[in-house]
file protein-v1.txt (compact mmCIF, C-alpha atoms)
# COMPACT_ATOMS: atom_id res chain seq x y z
CA MET V 1 92.56 88.65 125.68
CA THR V 2 90.76 88.49 122.37
CA HIS V 3 90.29 91.33 119.95
CA PRO V 4 87.07 91.77 118.00
CA ALA V 5 87.34 90.52 114.41
CA SER V 6 88.04 93.32 111.98
CA HIS V 7 85.62 93.40 109.02
CA PRO V 8 86.97 94.27 105.54
CA PRO V 9 85.93 97.69 104.35
CA ALA V 10 82.76 97.72 102.28
CA LYS V 11 83.42 97.77 98.54
CA VAL V 12 82.62 101.19 97.18
CA LYS V 13 80.56 101.04 94.01
CA PRO V 14 82.21 103.24 91.33
CA PRO V 15 80.19 105.91 89.58
CA PHE V 16 78.33 104.87 86.46
CA TRP V 17 80.70 106.70 84.09
CA ARG V 18 83.78 105.01 85.66
CA ASP V 19 82.51 101.41 85.35
CA PRO V 20 84.50 99.81 82.42
CA ALA V 21 81.80 97.25 81.68
CA LYS V 22 79.02 99.81 81.45
CA ARG V 23 81.18 102.17 79.41
CA ALA V 24 81.92 99.35 76.94
CA LEU V 25 78.23 98.53 76.69
CA ILE V 26 77.37 102.17 75.95
CA PHE V 27 80.05 102.44 73.27
CA GLN V 28 78.85 99.25 71.62
CA LEU V 29 75.24 100.49 71.61
CA LEU V 30 76.39 103.77 70.07
CA MET V 31 78.38 101.89 67.43
CA LEU V 32 75.42 99.63 66.64
CA GLY V 33 73.12 102.64 66.35
CA GLY V 34 75.60 104.33 64.03
CA VAL V 35 75.81 101.28 61.77
CA PHE V 36 72.02 101.00 61.53
CA GLY V 37 71.79 104.75 60.90
CA VAL V 38 74.24 104.58 57.99
CA LEU V 39 72.40 101.55 56.54
CA ALA V 40 69.06 103.34 56.83
CA LEU V 41 70.54 106.39 55.09
CA ILE V 42 71.90 104.23 52.25
CA VAL V 43 68.59 102.39 51.80
CA SER V 44 66.57 105.63 51.89
CA ASN V 45 68.91 107.30 49.38
CA THR V 46 68.78 104.26 47.08
CA LEU V 47 64.98 104.06 47.15
CA THR V 48 64.71 107.80 46.43
CA ASN V 49 67.06 107.55 43.43
CA LEU V 50 65.25 104.48 42.06
CA GLU V 51 61.88 106.23 42.41
CA SER V 52 63.14 109.39 40.68
CA ARG V 53 64.30 107.24 37.71
CA GLY V 54 61.02 105.37 37.47
CA ILE V 55 62.45 102.02 38.60
CA THR V 56 60.01 99.98 40.64
CA THR V 57 61.13 98.17 43.76
CA GLY V 58 59.78 95.26 45.74
CA PHE V 59 59.30 91.56 45.08
CA ALA V 60 56.04 91.72 43.10
CA PHE V 61 58.00 90.87 39.93
CA LEU V 62 58.37 87.28 41.17
CA ASP V 63 54.72 86.68 40.16
CA ASN V 64 55.18 87.93 36.59
CA THR V 65 55.53 85.52 33.66
CA ALA V 66 59.16 84.79 32.81
CA GLY V 67 58.63 84.10 29.08
CA PHE V 68 61.92 82.25 28.48
CA GLY V 69 62.89 78.61 28.53
CA ILE V 70 65.51 76.90 30.70
CA LEU V 71 67.75 74.11 29.46
CA GLN V 72 67.47 71.90 32.55
CA SER V 73 64.83 71.94 35.27
CA LEU V 74 64.16 69.60 38.19
CA ILE V 75 60.57 70.87 38.48
CA ASP V 76 57.82 71.46 35.94
CA TYR V 77 58.78 74.62 34.12
CA SER V 78 57.71 76.30 30.89
CA GLU V 79 57.86 79.75 29.34
CA GLN V 80 54.55 80.52 31.09
CA SER V 81 56.13 80.03 34.53
CA THR V 82 56.91 83.00 36.78
CA TYR V 83 60.18 84.62 37.76
CA GLY V 84 59.70 83.01 41.17
CA ASP V 85 59.86 79.65 39.40
CA THR V 86 63.11 80.66 37.70
CA PHE V 87 64.56 81.33 41.15
CA ILE V 88 63.57 77.84 42.33
CA VAL V 89 64.88 76.20 39.15
CA GLY V 90 68.23 77.98 39.45
CA LEU V 91 68.48 77.17 43.15
CA LEU V 92 67.78 73.45 42.61
CA ASN V 93 70.29 73.25 39.75
CA THR V 94 72.93 74.89 41.96
CA LEU V 95 72.20 72.51 44.83
CA LEU V 96 72.30 69.50 42.47
CA VAL V 97 75.71 70.23 40.94
CA SER V 98 77.14 71.30 44.31
CA ALA V 99 75.95 68.18 46.15
CA LEU V 100 77.18 65.80 43.44
CA GLY V 101 80.44 67.74 43.19
CA VAL V 102 81.06 67.48 46.94
CA ILE V 103 80.47 63.72 46.89
CA THR V 104 82.68 62.94 43.89
CA ALA V 105 85.41 65.37 44.93
CA THR V 106 85.54 63.75 48.38
CA VAL V 107 85.81 60.23 46.93
CA ILE V 108 88.47 61.19 44.36
CA GLY V 109 90.35 63.32 46.90
CA PHE V 110 90.53 60.55 49.51
CA VAL V 111 91.63 57.98 46.94
CA MET V 112 94.33 60.28 45.56
CA GLY V 113 95.45 61.36 49.04
CA VAL V 114 95.95 57.75 50.13
CA ALA V 115 97.54 56.84 46.79
CA ARG V 116 99.99 59.73 47.25
CA LEU V 117 101.42 57.88 50.28
CA SER V 118 101.42 54.46 48.64
CA PRO V 119 104.71 52.50 48.87
CA ASN V 120 104.16 51.64 45.21
CA TRP V 121 106.33 54.13 43.28
CA LEU V 122 104.10 54.25 40.17
CA ILE V 123 100.83 54.81 42.07
CA SER V 124 102.41 57.50 44.24
CA LYS V 125 103.85 59.38 41.24
CA LEU V 126 100.60 59.15 39.26
CA ALA V 127 98.72 60.66 42.21
CA ALA V 128 101.34 63.41 42.49
CA VAL V 129 101.04 64.23 38.78
CA TYR V 130 97.25 64.41 39.06
CA ILE V 131 97.45 66.76 42.04
CA GLU V 132 100.05 69.07 40.50
CA ILE V 133 98.24 69.30 37.15
CA PHE V 134 94.68 69.97 38.26
CA ARG V 135 95.56 72.08 41.31
CA ASN V 136 97.60 74.57 39.29
CA ILE V 137 95.27 75.17 36.34
CA PRO V 138 92.50 77.78 36.80
CA LEU V 139 89.07 76.27 37.29
CA LEU V 140 87.49 78.30 34.50
CA LEU V 141 90.00 76.89 32.00
CA GLN V 142 89.23 73.38 33.20
CA ILE V 143 85.51 73.99 32.71
CA PHE V 144 86.21 75.18 29.14
CA PHE V 145 88.42 72.12 28.56
CA TRP V 146 85.79 69.60 29.60
CA TYR V 147 83.01 71.46 27.76
CA PHE V 148 84.62 72.57 24.48
CA ALA V 149 87.54 70.12 24.05
CA VAL V 150 85.92 66.93 25.40
CA LEU V 151 82.11 66.99 25.34
CA ARG V 152 81.73 69.22 22.28
CA ALA V 153 84.07 66.89 20.37
CA LEU V 154 81.80 63.88 20.84
CA PRO V 155 79.96 62.39 17.83
CA SER V 156 76.45 63.33 16.73
CA PRO V 157 73.40 61.37 18.02
CA ARG V 158 73.59 58.88 15.12
CA GLY V 159 77.19 58.02 16.04
CA SER V 160 76.64 57.97 19.81
CA LEU V 161 78.91 56.06 22.13
CA SER V 162 76.74 53.37 23.73
CA LEU V 163 77.03 51.08 26.72
CA GLY V 164 74.90 47.97 26.39
CA GLU V 165 72.45 49.77 24.08
CA ALA V 166 71.02 51.41 27.22
CA ILE V 167 73.31 54.36 27.92
CA PHE V 168 74.27 56.75 25.12
CA LEU V 169 76.74 59.64 25.05
CA ASN V 170 76.95 62.20 22.26
CA VAL V 171 77.45 65.90 21.67
CA ARG V 172 73.97 66.64 23.01
CA GLY V 173 74.49 64.97 26.35
CA LEU V 174 74.23 61.70 28.24
CA TYR V 175 71.06 59.57 27.89
CA VAL V 176 70.30 56.95 30.57
CA PRO V 177 67.20 54.80 31.27
CA ALA V 178 64.51 56.46 33.37
CA PRO V 179 62.88 54.48 36.21
CA ILE V 180 59.08 54.34 36.17
CA ALA V 181 57.53 53.32 39.50
CA GLY V 182 54.46 51.11 39.46
CA ALA V 183 51.86 50.20 42.06
CA GLY V 184 53.50 48.91 45.22
CA PHE V 185 56.85 50.61 44.73
CA SER V 186 56.05 52.92 47.65
CA VAL V 187 56.14 49.81 49.86
CA VAL V 188 59.70 49.12 48.66
CA LEU V 189 60.72 52.68 49.51
CA ALA V 190 59.10 52.37 52.94
CA VAL V 191 61.03 49.14 53.59
CA LEU V 192 64.24 50.85 52.49
CA ALA V 193 63.65 53.75 54.89
CA LEU V 194 62.87 51.31 57.71
CA ALA V 195 66.04 49.33 56.96
CA ILE V 196 68.17 52.49 57.10
CA VAL V 197 66.68 53.54 60.44
CA THR V 198 67.05 50.03 61.85
CA SER V 199 70.67 49.88 60.72
CA GLY V 200 71.42 53.20 62.43
CA VAL V 201 69.89 51.97 65.70
CA PHE V 202 71.78 48.67 65.41
CA ILE V 203 75.12 50.42 64.84
CA TYR V 204 74.50 52.67 67.87
CA TRP V 205 73.59 49.63 70.01
CA ASN V 206 76.70 47.77 68.82
CA ARG V 207 78.93 50.67 69.86
CA GLN V 208 77.35 50.85 73.28
CA ARG V 209 77.74 47.10 73.66
CA GLN V 210 81.40 47.26 72.63
CA ALA V 211 82.05 50.04 75.17
CA GLN V 212 80.51 47.97 77.96
CA THR V 213 81.67 44.42 77.12
CA GLY V 214 84.50 44.85 74.62
CA GLN V 215 82.67 42.56 72.19
CA ARG V 216 81.88 43.82 68.72
CA LEU V 217 79.64 42.51 65.96
CA PRO V 218 80.31 43.12 62.24
CA ALA V 219 77.70 45.88 62.24
CA GLY V 220 78.81 47.32 58.91
CA TRP V 221 78.27 44.12 56.94
CA ILE V 222 75.04 43.32 58.77
CA SER V 223 73.66 46.81 58.11
CA LEU V 224 74.72 46.67 54.45
CA GLY V 225 72.99 43.33 54.02
CA LEU V 226 69.86 44.68 55.72
CA ILE V 227 69.74 47.84 53.58
CA ILE V 228 70.20 45.87 50.35
CA GLY V 229 68.42 42.62 51.19
CA ALA V 230 65.21 43.91 52.79
CA PRO V 231 64.19 46.28 49.92
CA LEU V 232 65.19 43.60 47.39
CA LEU V 233 62.95 41.06 49.11
CA ALA V 234 60.09 43.58 49.24
CA TYR V 235 60.66 44.35 45.54
CA VAL V 236 60.28 40.66 44.61
CA VAL V 237 57.27 40.15 46.89
CA MET V 238 55.47 43.21 45.41
CA GLY V 239 55.91 41.80 41.89
CA MET V 240 58.86 43.95 40.76
CA PRO V 241 56.90 47.22 40.50
CA LEU V 242 59.62 49.14 38.62
CA THR V 243 60.11 49.42 34.86
CA TRP V 244 62.65 51.34 32.83
CA GLU V 245 62.05 53.74 29.97
CA MET V 246 64.92 53.23 27.53
CA PRO V 247 66.22 56.12 25.40
CA GLU V 248 65.64 55.54 21.66
CA LEU V 249 66.96 57.37 18.63
CA LYS V 250 63.98 58.94 16.83
CA GLY V 251 64.69 61.36 14.01
CA PHE V 252 67.65 63.58 14.81
CA ASN V 253 67.82 62.95 18.55
CA PHE V 254 67.11 60.47 21.34
CA ARG V 255 63.69 60.34 22.97
CA GLY V 256 62.77 58.95 26.36
CA GLY V 257 64.98 58.20 29.34
CA ILE V 258 66.83 60.82 31.34
CA THR V 259 68.89 63.44 29.51
CA VAL V 260 71.94 64.90 31.23
CA VAL V 261 72.96 68.04 29.35
CA PRO V 262 76.68 68.47 28.49
CA GLU V 263 76.81 71.79 30.38
CA PHE V 264 76.01 69.95 33.60
CA LEU V 265 78.52 67.18 32.88
CA ALA V 266 81.32 69.65 32.14
CA LEU V 267 80.69 71.68 35.28
CA TRP V 268 80.32 68.62 37.49
CA VAL V 269 83.51 66.97 36.26
CA ALA V 270 85.54 70.19 36.41
CA LEU V 271 84.42 71.05 39.95
CA SER V 272 85.05 67.50 41.16
CA VAL V 273 88.48 67.06 39.58
CA TYR V 274 89.69 70.54 40.56
CA THR V 275 88.54 70.38 44.21
CA ALA V 276 89.68 66.76 44.61
CA ALA V 277 93.28 67.83 43.95
CA PHE V 278 93.17 70.10 47.02
CA ILE V 279 91.33 67.51 49.12
CA ALA V 280 94.01 64.94 48.23
CA GLU V 281 96.71 67.15 49.74
CA ILE V 282 94.56 67.71 52.83
CA VAL V 283 94.11 63.95 53.23
CA ARG V 284 97.84 63.34 52.75
CA SER V 285 98.80 65.91 55.39
CA GLY V 286 96.16 64.55 57.77
CA ILE V 287 97.49 60.99 57.47
CA GLU V 288 101.08 62.14 57.93
CA ALA V 289 100.01 64.01 61.09
CA VAL V 290 99.16 60.69 62.77
CA PRO V 291 102.16 59.49 64.82
CA HIS V 292 104.01 56.63 63.16
CA GLY V 293 103.90 54.71 66.42
CA GLN V 294 100.16 54.16 65.90
CA THR V 295 100.91 52.26 62.69
CA GLU V 296 103.66 50.22 64.34
CA VAL V 297 101.34 49.26 67.18
CA SER V 298 98.65 48.13 64.74
CA ARG V 299 101.15 45.99 62.86
CA ALA V 300 102.31 44.54 66.16
CA LEU V 301 98.67 43.55 66.74
CA SER V 302 98.72 41.75 63.34
CA LEU V 303 96.28 44.15 61.72
CA SER V 304 96.44 44.25 57.94
CA ASN V 305 97.36 47.43 56.08
CA GLY V 306 93.73 47.99 55.12
CA MET V 307 92.47 47.57 58.68
CA THR V 308 95.27 49.79 59.99
CA LEU V 309 94.31 52.52 57.56
CA ARG V 310 90.55 52.17 58.14
CA LEU V 311 90.46 51.59 61.90
CA VAL V 312 93.53 53.41 63.21
CA VAL V 313 94.93 56.03 60.82
CA ILE V 314 91.88 57.53 59.11
CA PRO V 315 89.81 58.09 62.32
CA GLN V 316 92.71 60.03 63.86
CA ALA V 317 93.54 61.85 60.63
CA LEU V 318 89.94 63.08 60.30
CA ARG V 319 90.51 65.45 63.23
CA VAL V 320 93.13 67.22 61.11
CA ILE V 321 91.30 66.80 57.78
CA ILE V 322 87.81 68.09 58.60
CA PRO V 323 88.50 71.84 59.22
CA PRO V 324 90.33 72.48 55.88
CA LEU V 325 87.92 70.08 54.15
CA THR V 326 85.06 72.41 55.12
CA SER V 327 86.77 75.28 53.31
CA GLN V 328 87.08 73.17 50.15
CA TYR V 329 83.37 72.30 50.27
CA LEU V 330 82.51 76.00 50.56
CA ASN V 331 84.85 76.82 47.68
CA LEU V 332 83.21 74.19 45.49
CA ILE V 333 79.72 75.53 46.19
CA LYS V 334 80.75 79.11 45.42
CA ASN V 335 82.76 78.07 42.35
CA SER V 336 79.61 76.53 40.89
CA SER V 337 78.62 80.09 39.95
CA LEU V 338 81.16 79.79 37.09
CA ALA V 339 78.47 77.75 35.36
CA THR V 340 77.30 80.91 33.63
CA ALA V 341 80.46 80.74 31.44
CA ILE V 342 79.13 77.65 29.60
CA GLY V 343 75.41 78.33 29.94
CA TYR V 344 74.49 75.84 32.66
CA PRO V 345 71.26 77.20 34.21
CA ASP V 346 72.37 77.63 37.80
CA LEU V 347 71.15 80.37 40.15
CA VAL V 348 73.60 83.00 38.90
CA SER V 349 72.96 82.29 35.23
CA VAL V 350 69.16 82.03 35.34
CA PHE V 351 68.15 84.35 38.15
CA ALA V 352 71.01 86.85 38.55
CA GLY V 353 71.49 86.84 34.78
CA THR V 354 68.43 86.44 32.57
CA THR V 355 65.84 87.42 35.19
CA LEU V 356 67.82 90.49 36.22
CA ASN V 357 68.25 91.63 32.63
CA GLN V 358 64.53 91.29 31.90
CA THR V 359 63.13 92.82 35.10
CA GLY V 360 65.79 95.37 36.03
CA GLN V 361 65.20 94.53 39.74
CA ALA V 362 68.92 94.56 40.46
CA ILE V 363 68.81 95.12 44.20
CA GLU V 364 66.21 92.45 44.93
CA VAL V 365 67.71 89.85 42.57
CA ILE V 366 71.29 90.31 43.75
CA ALA V 367 70.21 90.42 47.41
CA MET V 368 68.28 87.15 47.04
CA THR V 369 71.18 85.48 45.23
CA MET V 370 73.71 86.58 47.85
CA LEU V 371 71.38 85.47 50.64
CA VAL V 372 71.08 82.00 49.08
CA TYR V 373 74.86 81.47 48.88
CA LEU V 374 75.29 82.84 52.41
CA THR V 375 72.62 80.50 53.78
CA ILE V 376 74.02 77.43 52.00
CA SER V 377 77.56 78.18 53.19
CA LEU V 378 76.45 78.73 56.80
CA LEU V 379 74.46 75.48 56.81
CA VAL V 380 77.44 73.54 55.42
CA SER V 381 79.73 75.13 58.01
CA MET V 382 77.33 74.29 60.84
CA PHE V 383 77.09 70.66 59.73
CA MET V 384 80.87 70.26 59.35
CA ASN V 385 81.49 71.92 62.74
CA TRP V 386 79.04 69.47 64.29
CA PHE V 387 80.79 66.57 62.56
CA ASN V 388 84.18 67.88 63.67
CA ALA V 389 82.95 68.05 67.27
CA ARG V 390 81.75 64.44 66.99
CA MET V 391 85.18 63.32 65.75
CA ALA V 392 87.13 65.34 68.32
CA LEU V 393 89.20 63.48 70.90
CA VAL V 394 87.20 63.15 74.13
CA GLU V 395 89.42 63.62 77.19
CA ARG V 396 88.46 62.65 80.69

call {"tool": "encode", "arguments": {"input": "protein-v1.txt", "output": "structure tokens"}}
result
Amino acid sequence: MTHPASHPPAKVKPPFWRDPAKRALIFQLLMLGGVFGVLALIVSNTLTNLESRGITTGFAFLDNTAGFGILQSLIDYSEQSTYGDTFIVGLLNTLLVSALGVITATVIGFVMGVARLSPNWLISKLAAVYIEIFRNIPLLLQIFFWYFAVLRALPSPRGSLSLGEAIFLNVRGLYVPAPIAGAGFSVVLAVLALAIVTSGVFIYWNRQRQAQTGQRLPAGWISLGLIIGAPLLAYVVMGMPLTWEMPELKGFNFRGGITVVPEFLALWVALSVYTAAFIAEIVRSGIEAVPHGQTEVSRALSLSNGMTLRLVVIPQALRVIIPPLTSQYLNLIKNSSLATAIGYPDLVSVFAGTTLNQTGQAIEVIAMTMLVYLTISLLVSMFMNWFNARMALVER
């Protein structure tokens, strides 16, 4: 005798006010509304106070004439330019010193981090001394050291230090030859761009081929030869369409060429040397995190020390190095704002300093400056997170 199947009781839907998910959503909406309400109250109160004191608001001041000069500019700028141009000049100067600082700090940091683990006693101790000295001295003092004690102590233009009568260094800065492109140089640049793209495709194809067949071509050397050889061949074929404007001493200073102001040099060197000391310790800890058995296996396979470091240790150490390395990059970018201490025209010095003092638009100027640093930091973080995900260990 069979019994009819018993059906489970129908799930009773709880009342709206007893559903935890809906209650949480309501509380979050109330919290969000409260935050926006407080912000609206602060903005309204601020605008009312500014209006009662006769202080204008808005971004119309960006179209007014600045009326002051800037020591270094990557775009055409004069005293007749607008405050909007000062913002662009300061932004480009900040990006320039930050980008160059990140590159040099990374190179120095990796070299010092590897040297710290060298079996050579002298090299290891020299790297340790470098790290302990520059990591434990405040960055502002290091900027003053490079600017006042090193660059300001250089000779006058007439007694400049020269390298091959083409590069000159004196108290007023570094003077290097300036390239002047002629007709046909755009073809050389186009060939260079094509060589870079072709090399990227070739490296990708070589990796896919290695994964499928186990065979590997020297893609690095082939790509390097392509990137250097193809533009060089195009340069010769187009009749060498590139000349150099050499700096020459005329009167009391050098004329022609490219002038690198000492304020930029001091800030660049200080940021690079200071941040590299921290990166060196990150690299050292990342290498030591790789199991020693990996090194023993590579030696058992007759790999040289250089190949072991480049092909086995560093790729695995990068998974440990990249996250703290991102923090050091962000610190370097934000520390570039110390440029105002020596007068380098970065964003803080030119826009949040001189422009703010002349216009009195404190809220707009500070908000734009903060937004710039926030945007740069978020973009750097996004790129490094993407790179970290690419280097992460893929498990099946």

call {"tool": "residues_near_point", "arguments": {"input": "protein-v1.txt", "point": "(80.4, 74.1, 36.1)", "cutoff": "12 Å", "atoms": "all atoms listed in the file", "output": "JSON, numbers by chain"}}
result
{"V": [93, 94, 96, 97, 98, 100, 101, 139, 140, 141, 142, 143, 144, 145, 146, 147, 261, 262, 263, 264, 265, 266, 267, 268, 269, 270, 271, 272, 273, 274, 332, 333, 334, 335, 336, 337, 338, 339, 340, 341, 342, 343, 344, 345, 346, 347, 348, 349]}

call {"tool": "residues_around", "arguments": {"input": "protein-v1.txt", "residues": "Val188 of chain V", "least_positions_apart": "5", "cutoff": "12 Å", "atoms": "all atoms listed in the file", "output": "list in words"}}
result
Ala181, Gly182, Ala183, Ala193, Leu194, Ala195, Ile227, Ile228, Gly229, Ala230, Pro231, Leu232, Leu233, Ala234, Tyr235, Val236, Val237, Met238, Gly239, Met240, Pro241 and Leu242 of chain V

call {"tool": "write_last_selection", "arguments": {"input": "protein-v1.txt", "atoms": "C-alpha atoms", "output": "mmCIF file, in the frame of the given file"}}
result
data_model
loop_
_atom_site.group_PDB
_atom_site.id
_atom_site.type_symbol
_atom_site.label_atom_id
_atom_site.label_comp_id
_atom_site.auth_asym_id
_atom_site.auth_seq_id
_atom_site.Cartn_x
_atom_site.Cartn_y
_atom_site.Cartn_z
ATOM 1 C CA ALA V 181 57.530 53.320 39.500
ATOM 2 C CA GLY V 182 54.460 51.110 39.460
ATOM 3 C CA ALA V 183 51.860 50.200 42.060
ATOM 4 C CA ALA V 193 63.650 53.750 54.890
ATOM 5 C CA LEU V 194 62.870 51.310 57.710
ATOM 6 C CA ALA V 195 66.040 49.330 56.960
ATOM 7 C CA ILE V 227 69.740 47.840 53.580
ATOM 8 C CA ILE V 228 70.200 45.870 50.350
ATOM 9 C CA GLY V 229 68.420 42.620 51.190
ATOM 10 C CA ALA V 230 65.210 43.910 52.790
ATOM 11 C CA PRO V 231 64.190 46.280 49.920
ATOM 12 C CA LEU V 232 65.190 43.600 47.390
ATOM 13 C CA LEU V 233 62.950 41.060 49.110
ATOM 14 C CA ALA V 234 60.090 43.580 49.240
ATOM 15 C CA TYR V 235 60.660 44.350 45.540
ATOM 16 C CA VAL V 236 60.280 40.660 44.610
ATOM 17 C CA VAL V 237 57.270 40.150 46.890
ATOM 18 C CA MET V 238 55.470 43.210 45.410
ATOM 19 C CA GLY V 239 55.910 41.800 41.890
ATOM 20 C CA MET V 240 58.860 43.950 40.760
ATOM 21 C CA PRO V 241 56.900 47.220 40.500
ATOM 22 C CA LEU V 242 59.620 49.140 38.620
#

call {"tool": "residues_around", "arguments": {"input": "protein-v1.txt", "residues": "segment 325-331 of chain V", "least_positions_apart": "3", "cutoff": "7 Å", "atoms": "all atoms listed in the file", "output": "number ranges by chain"}}
result
V: 102, 275, 279, 321-322, 334-335, 377, 381, 384

call {"tool": "atom_distance", "arguments": {"input": "protein-v1.txt", "atom1": "atom CA of Phe252 of chain V", "atom2": "atom CA of Pro157 of chain V"}}
result
6.9 Å

call {"tool": "atom_distance", "arguments": {"input": "protein-v1.txt", "atom1": "atom CA of Gly33 of chain V", "atom2": "atom CA of Glu51 of chain V"}}
result
26.7 Å

call {"tool": "residues_around", "arguments": {"input": "protein-v1.txt", "residues": "Met368 of chain V", "least_positions_apart": "4", "cutoff": "12 Å", "atoms": "all atoms listed in the file", "output": "MDAnalysis selection string"}}
result
chainID V and resid 58:59 62 84 87:88 90:91 347:348 351:352 356 361:364 372:375

call {"tool": "residues_near_point", "arguments": {"input": "protein-v1.txt", "point": "(54.5, 86.6, 40.0)", "cutoff": "12 Å", "atoms": "all atoms listed in the file", "output": "PyMOL selection string"}}
result
chain V and resi 58-67+80-87+359

call {"tool": "write_last_selection", "arguments": {"input": "protein-v1.txt", "atoms": "C-alpha atoms", "output": "compact mmCIF listing (two decimals), in the frame of the given file"}}
result
# COMPACT_ATOMS: atom_id res chain seq x y z
CA GLY V 58 59.78 95.26 45.74
CA PHE V 59 59.30 91.56 45.08
CA ALA V 60 56.04 91.72 43.10
CA PHE V 61 58.00 90.87 39.93
CA LEU V 62 58.37 87.28 41.17
CA ASP V 63 54.72 86.68 40.16
CA ASN V 64 55.18 87.93 36.59
CA THR V 65 55.53 85.52 33.66
CA ALA V 66 59.16 84.79 32.81
CA GLY V 67 58.63 84.10 29.08
CA GLN V 80 54.55 80.52 31.09
CA SER V 81 56.13 80.03 34.53
CA THR V 82 56.91 83.00 36.78
CA TYR V 83 60.18 84.62 37.76
CA GLY V 84 59.70 83.01 41.17
CA ASP V 85 59.86 79.65 39.40
CA THR V 86 63.11 80.66 37.70
CA PHE V 87 64.56 81.33 41.15
CA THR V 359 63.13 92.82 35.10

call {"tool": "atom_distance", "arguments": {"input": "protein-v1.txt", "atom1": "atom CA of Ala190 of chain V", "atom2": "atom CA of Met246 of chain V"}}
result
26.1 Å

call {"tool": "axis_aligned_box", "arguments": {"input": "protein-v1.txt", "around": "segment 42-55 of chain V", "padding_each_side": "6 Å", "output": "JSON"}}
result
{"center_x": 66.5, "center_y": 105.7, "center_z": 44.9, "size_x": 22.9, "size_y": 19.4, "size_z": 26.8}

call {"tool": "closest_residue", "arguments": {"input": "protein-v1.txt", "among": "V:Arg284, V:Trp386, V:Val187, V:Leu301", "to": "Ile131 of chain V", "atoms": "only C-alpha atoms"}}
result
V:Arg284

call {"tool": "residues_around", "arguments": {"input": "protein-v1.txt", "residues": "Val313 of chain V", "least_positions_apart": "5", "cutoff": "9 Å", "atoms": "all atoms listed in the file", "output": "list in words"}}
result
Ile287, Val290, Pro291, Gln294, Thr295, Thr308 and Leu318 of chain V
